[in-house]
Amino acid sequence: MITALCGGVGGSKLALGLYRILPPDSLHVIVNTADDLELWGLRISPDLDTVAYTLGGIAQQELGWGIEGDTFHALRGLETYGLDTWFRVGDRDLATHIYRTDALKRGESLTSCTAHLASRLGIRADVLPMTDDAVATRLLTGDRWLDFQEYFVRERHALSIDDVRYVGVEAARPTDAVLEAIRSAEVIVLVNSNPVLSILPILSVPGIREAIEGSPSPRVAVSPMIGASSVTGPAGALMRLTGHPPTSAGLAALYRNLIDGIVLDSQDERQRGEVEAMRIGVLATNTIMRTDADRDRVAAETIRFARSLR
Ligand code: GDP
């Protein structure tokens, strides 16, 4: 069993590689839910859906979110009624949110309705919300606190961020399924998701970090950084909030005690010494994942590297 901690678009590239190279039913993906939002009365879980659509083979490839070939008639209808539609939801995607909202209203847990969605999409892996409780990432820009999607989608992550909070996380509990996935993992992978926006919210749910720290199995991270910035998105800029530099070595320092090894890009081979001095192993390889073959290769190399560590 392999357990991955994952955000949405960037991280699901590696999650898909892991899914493709592993036998069926041997991958658990613990997914960030601190980006979740309520919109038009619907509960939307962007990272859970991105992972499910990606593993289910229906994700929109170019945008990285939504469903391939989806239409936007409902969204245009909402526009007609004067509603804000900067958060774009396709028609088939809408069905997911309607299903989830209805299931939650009927008293189902987020874990159980996600399992149902994933199974109906034909996914032979466990897609697990980090918690069934409400957690919300909020970001401070100047003197204004923004909701995650206001920052990420409406403002296109162009604002400079002074602080981040995962509201509700102290009271959140990891689900039994999450703790069991960590306990039974032969390898734990912190995928190349945005550390501040996707991985730290998961690690901040009380009990999850401790479970990973206490795991006797090898734990590895794959870096989203090349040089002094992230491959895409604001991950590099947000690393400043952690007090670590926006490099793979900075990430290794952030994940210290949690990981036995880090996969960084060959271009950052010169950071090897600094990382190894933290007693963290290094695999330097091409970490850019454009094609399925890239995703499979990075996934396979990551697992092989992890198994060599402990
Ligand atoms: P999320 O955090 O997984 O929800 O998704 P993002 O789309 O914000 O991406 C997270 C990180 O993935 C970004 O900071 C990118 O630097 C990184 N990323 C995107 N594509 C690649 C890739 O091909 N290789 C590596 N190593 N990182 C990538």
# chains A, B, ... in the order shown; residues from 1 in each chain; ligands from 1
call {"tool": "residues_around", "arguments": {"residues": "range 158-165 of chain A", "least_positions_apart": "6", "cutoff": "7 Å", "atoms": "only C-alpha atoms", "output": "VMD selection string"}}
result
chain A and resid 137 to 142 241
call {"tool": "write_last_selection", "arguments": {"atoms": "C-alpha atoms", "output": "mmCIF file, in the first residue's frame"}}
result
data_model
loop_
_atom_site.group_PDB
_atom_site.id
_atom_site.type_symbol
_atom_site.label_atom_id
_atom_site.label_comp_id
_atom_site.auth_asym_id
_atom_site.auth_seq_id
_atom_site.Cartn_x
_atom_site.Cartn_y
_atom_site.Cartn_z
ATOM 1 C CA THR A 137 -7.669 28.378 4.305
ATOM 2 C CA ARG A 138 -7.741 32.177 4.665
ATOM 3 C CA LEU A 139 -5.064 34.486 3.338
ATOM 4 C CA LEU A 140 -4.106 37.943 4.558
ATOM 5 C CA THR A 141 -3.219 40.569 1.970
ATOM 6 C CA GLY A 142 -2.547 43.978 3.507
ATOM 7 C CA LEU A 241 5.508 32.461 5.079
#
call {"tool": "residues_near_ligand", "arguments": {"ligand": "ligand 1", "cutoff": "7 Å", "atoms": "only C-alpha atoms and all ligand atoms", "output": "list in words"}}
result
Cys6, Gly7, Gly8, Val9, Gly10, Gly11, Ser12, Asp47, Asn192, Ser193, Asn194, Pro195, Leu197, Ser198, Val222, Ser223, Pro224, Met225, Ser230, Val231, Thr232, Gly233, Pro234, Ala235, Gly236, Thr287, Ile288, Met289 and Arg290 of chain A
call {"tool": "closest_residue", "arguments": {"among": "A:Arg270, A:Arg173, A:Arg124, A:Arg295", "to": "His28 in chain A", "atoms": "only C-alpha atoms"}}
result
A:Arg124
call {"tool": "residues_around", "arguments": {"residues": "range 203-208 of chain A", "least_positions_apart": "4", "cutoff": "10 Å", "atoms": "only C-alpha atoms", "output": "list in words"}}
result
Leu5, Asn32, Met130, Thr131, Asp133, Val135, Tyr166, Gly168, Val169, Glu170, Ala171, Ala172, Arg173, Pro174, Thr175, Val178, Leu179, Ile182, Pro195, Ser198, Ile199, Ile212, Glu213, Gly214 and Leu258 of chain A
call {"tool": "write_last_selection", "arguments": {"atoms": "N, CA, C and O atoms", "output": "CSV table (one decimal), in the first residue's frame"}}
result
chain,number,residue,atom,x,y,z
A,5,LEU,N,-0.1,12.2,0.1
A,5,LEU,CA,-0.7,13.4,0.5
A,5,LEU,C,-0.8,14.3,-0.7
A,5,LEU,O,0.3,14.6,-1.3
A,32,ASN,N,-6.3,17.4,0.5
A,32,ASN,CA,-6.6,18.6,1.1
A,32,ASN,C,-8.1,19.0,0.9
A,32,ASN,O,-8.6,19.0,-0.2
A,130,MET,N,-9.0,14.7,4.0
A,130,MET,CA,-8.1,14.7,5.1
A,130,MET,C,-8.9,14.7,6.4
A,130,MET,O,-8.5,14.2,7.5
A,131,THR,N,-10.1,15.2,6.4
A,131,THR,CA,-11.0,15.3,7.5
A,131,THR,C,-12.5,15.4,7.0
A,131,THR,O,-12.7,15.9,5.9
A,133,ASP,N,-14.4,17.2,8.9
A,133,ASP,CA,-14.7,18.5,9.6
A,133,ASP,C,-14.4,19.7,8.7
A,133,ASP,O,-13.6,19.5,7.7
A,135,VAL,N,-12.6,22.9,7.5
A,135,VAL,CA,-11.4,23.7,7.6
A,135,VAL,C,-11.3,24.6,6.4
A,135,VAL,O,-11.6,24.2,5.3
A,166,TYR,N,-5.4,28.3,8.7
A,166,TYR,CA,-6.3,27.2,8.3
A,166,TYR,C,-7.4,27.2,9.4
A,166,TYR,O,-7.3,26.5,10.4
A,168,GLY,N,-10.3,26.5,11.7
A,168,GLY,CA,-11.0,25.3,12.1
A,168,GLY,C,-10.1,24.1,12.3
A,168,GLY,O,-10.6,23.1,12.8
A,169,VAL,N,-8.9,24.2,11.9
A,169,VAL,CA,-8.1,23.0,11.8
A,169,VAL,C,-7.8,22.4,13.2
A,169,VAL,O,-7.7,21.2,13.4
A,170,GLU,N,-7.7,23.3,14.2
A,170,GLU,CA,-7.3,22.8,15.6
A,170,GLU,C,-8.4,21.8,16.1
A,170,GLU,O,-8.1,20.9,16.8
A,171,ALA,N,-9.6,22.1,15.7
A,171,ALA,CA,-10.8,21.3,16.2
A,171,ALA,C,-11.1,20.1,15.2
A,171,ALA,O,-11.9,19.3,15.5
A,172,ALA,N,-10.4,20.1,14.1
A,172,ALA,CA,-10.7,19.0,13.1
A,172,ALA,C,-10.1,17.7,13.5
A,172,ALA,O,-9.0,17.7,14.1
A,173,ARG,N,-10.7,16.7,13.1
A,173,ARG,CA,-10.2,15.3,13.4
A,173,ARG,C,-9.9,14.6,12.1
A,173,ARG,O,-10.7,14.7,11.2
A,174,PRO,N,-8.7,13.9,12.1
A,174,PRO,CA,-8.5,13.1,10.9
A,174,PRO,C,-9.5,11.9,10.9
A,174,PRO,O,-9.9,11.5,12.0
A,175,THR,N,-9.9,11.4,9.7
A,175,THR,CA,-10.8,10.3,9.7
A,175,THR,C,-10.1,9.0,10.1
A,175,THR,O,-8.9,9.0,9.9
A,178,VAL,N,-8.1,7.9,7.1
A,178,VAL,CA,-6.8,8.6,6.9
A,178,VAL,C,-5.8,8.0,7.8
A,178,VAL,O,-4.7,7.7,7.4
A,179,LEU,N,-6.1,7.8,9.1
A,179,LEU,CA,-5.1,7.3,10.0
A,179,LEU,C,-4.7,5.9,9.6
A,179,LEU,O,-3.6,5.5,9.7
A,182,ILE,N,-2.3,5.9,6.7
A,182,ILE,CA,-1.0,6.2,7.1
A,182,ILE,C,-0.3,5.0,7.8
A,182,ILE,O,0.8,4.6,7.5
A,195,PRO,N,3.2,23.5,-1.0
A,195,PRO,CA,3.4,23.1,0.4
A,195,PRO,C,2.4,23.9,1.3
A,195,PRO,O,1.8,23.3,2.2
A,198,SER,N,-1.6,23.3,0.1
A,198,SER,CA,-2.1,22.0,0.0
A,198,SER,C,-1.6,21.0,1.0
A,198,SER,O,-2.4,20.2,1.6
A,199,ILE,N,-0.3,21.0,1.3
A,199,ILE,CA,0.3,19.9,2.1
A,199,ILE,C,0.2,20.3,3.6
A,199,ILE,O,-0.2,19.5,4.5
A,212,ILE,N,2.5,10.5,10.7
A,212,ILE,CA,3.5,10.3,9.7
A,212,ILE,C,4.9,10.3,10.3
A,212,ILE,O,5.8,9.5,10.0
A,213,GLU,N,5.1,11.2,11.3
A,213,GLU,CA,6.4,11.2,12.0
A,213,GLU,C,6.7,9.9,12.7
A,213,GLU,O,7.8,9.4,12.7
A,214,GLY,N,5.6,9.2,13.2
A,214,GLY,CA,5.8,8.0,13.9
A,214,GLY,C,5.8,6.8,13.0
A,214,GLY,O,6.0,5.6,13.5
A,258,LEU,N,9.7,14.7,9.0
A,258,LEU,CA,8.6,14.1,8.4
A,258,LEU,C,9.0,13.2,7.2
A,258,LEU,O,8.3,12.3,6.8
call {"tool": "select_by_dssp", "arguments": {"residues": "range 261-291 of chain A", "states": "strand (DSSP E)", "output": "list in words"}}
result
Gly261, Ile262, Val263, Leu264, Asp265, Gly281, Val282, Leu283, Ala284 and Thr285 of chain A
call {"tool": "closest_residue", "arguments": {"among": "A:Thr50, A:Thr33, A:Thr71, A:Ser308", "to": "Arg92 in chain A", "atoms": "only C-alpha atoms"}}
result
A:Thr71
call {"tool": "closest_residue", "arguments": {"among": "A:Glu269, A:Asp296, A:Glu180, A:Glu186", "to": "Ala211 in chain A", "atoms": "only C-alpha atoms"}}
result
A:Glu180
call {"tool": "closest_residue", "arguments": {"among": "A:Glu62, A:Asp143, A:Asp49, A:Asp84", "to": "Cys113 in chain A", "atoms": "only C-alpha atoms"}}
result
A:Asp49
call {"tool": "residues_around", "arguments": {"residues": "Phe305 in chain A", "least_positions_apart": "3", "cutoff": "10 Å", "atoms": "only C-alpha atoms", "output": "PyMOL selection string"}}
result
chain A and resi 218+220+261-263+281-283+299-302+308-310
call {"tool": "closest_residue", "arguments": {"among": "A:Thr111, A:Gln61, A:Ser26, A:Ser248", "to": "Ser184 in chain A", "atoms": "only C-alpha atoms"}}
result
A:Ser26
call {"tool": "closest_residue", "arguments": {"among": "A:Thr114, A:Thr242, A:Thr3, A:Gln267", "to": "Tyr99 in chain A", "atoms": "only C-alpha atoms"}}
result
A:Thr114
call {"tool": "atom_distance", "arguments": {"atom1": "CA of Ala237 in chain A", "atom2": "CA of Ala306 in chain A"}}
result
28.1 Å
call {"tool": "closest_atom_pairs", "arguments": {"of": "range 90-146 of chain A", "to": "range 75-80 of chain A", "cutoff": "10 Å", "atoms": "only C-alpha atoms", "output": "Markdown table"}}
result
| residue | atom | partner | partner_atom | distance |
| --- | --- | --- | --- | --- |
| A:Gly90 | CA | A:Leu75 | CA | 7.0 |
| A:Asp91 | CA | A:Leu75 | CA | 7.6 |
| A:Leu94 | CA | A:Leu75 | CA | 9.3 |
call {"tool": "select_by_dssp", "arguments": {"residues": "range 200-284 of chain A", "states": "alpha helix (DSSP H)", "output": "PDB file with C-alpha atoms, in the first residue's frame"}}
result
ATOM      1  CA  LEU A 200       0.482  22.009   5.328  1.00  0.00           C
ATOM      2  CA  PRO A 201      -3.318  22.111   5.794  1.00  0.00           C
ATOM      3  CA  ILE A 202      -3.306  18.284   5.742  1.00  0.00           C
ATOM      4  CA  LEU A 203      -0.359  18.117   8.149  1.00  0.00           C
ATOM      5  CA  SER A 204      -2.089  20.629  10.439  1.00  0.00           C
ATOM      6  CA  ILE A 208      -1.827  13.460  10.896  1.00  0.00           C
ATOM      7  CA  ARG A 209       1.668  14.908  11.261  1.00  0.00           C
ATOM      8  CA  GLU A 210       2.245  12.793  14.360  1.00  0.00           C
ATOM      9  CA  ALA A 211       1.122   9.632  12.546  1.00  0.00           C
ATOM     10  CA  ILE A 212       3.528  10.321   9.663  1.00  0.00           C
ATOM     11  CA  GLU A 213       6.363  11.229  12.028  1.00  0.00           C
ATOM     12  CA  ALA A 235       4.117  27.934  -4.166  1.00  0.00           C
ATOM     13  CA  GLY A 236       7.528  29.606  -4.256  1.00  0.00           C
ATOM     14  CA  ALA A 237       6.256  33.017  -3.165  1.00  0.00           C
ATOM     15  CA  LEU A 238       4.215  31.476  -0.330  1.00  0.00           C
ATOM     16  CA  MET A 239       7.222  29.536   1.011  1.00  0.00           C
ATOM     17  CA  SER A 248      13.941  22.244  -2.712  1.00  0.00           C
ATOM     18  CA  ALA A 249      16.431  22.528   0.152  1.00  0.00           C
ATOM     19  CA  GLY A 250      14.038  24.969   1.857  1.00  0.00           C
ATOM     20  CA  LEU A 251      11.246  22.448   1.395  1.00  0.00           C
ATOM     21  CA  ALA A 252      13.398  19.693   2.880  1.00  0.00           C
ATOM     22  CA  ALA A 253      13.935  21.916   5.935  1.00  0.00           C
ATOM     23  CA  LEU A 254      10.170  22.566   6.153  1.00  0.00           C
ATOM     24  CA  ARG A 272      22.221  17.806  -2.537  1.00  0.00           C
ATOM     25  CA  GLY A 273      24.883  18.550   0.098  1.00  0.00           C
ATOM     26  CA  GLU A 274      22.663  20.991   1.990  1.00  0.00           C
ATOM     27  CA  VAL A 275      19.775  18.494   2.079  1.00  0.00           C
ATOM     28  CA  GLU A 276      21.916  15.500   2.988  1.00  0.00           C
TER      29      GLU A 276
END
call {"tool": "residues_around", "arguments": {"residues": "Arg88 in chain A", "least_positions_apart": "6", "cutoff": "12 Å", "atoms": "only C-alpha atoms", "output": "list in words"}}
result
Leu39, Trp40, Ile44, Pro46, Leu63, Trp65, Gly66, Ile67, Asp70, Thr71, Phe72, His73, Ala74, Leu75, Arg76, Leu78, Glu79, Leu94, Gln149, Val153 and Arg154 of chain A
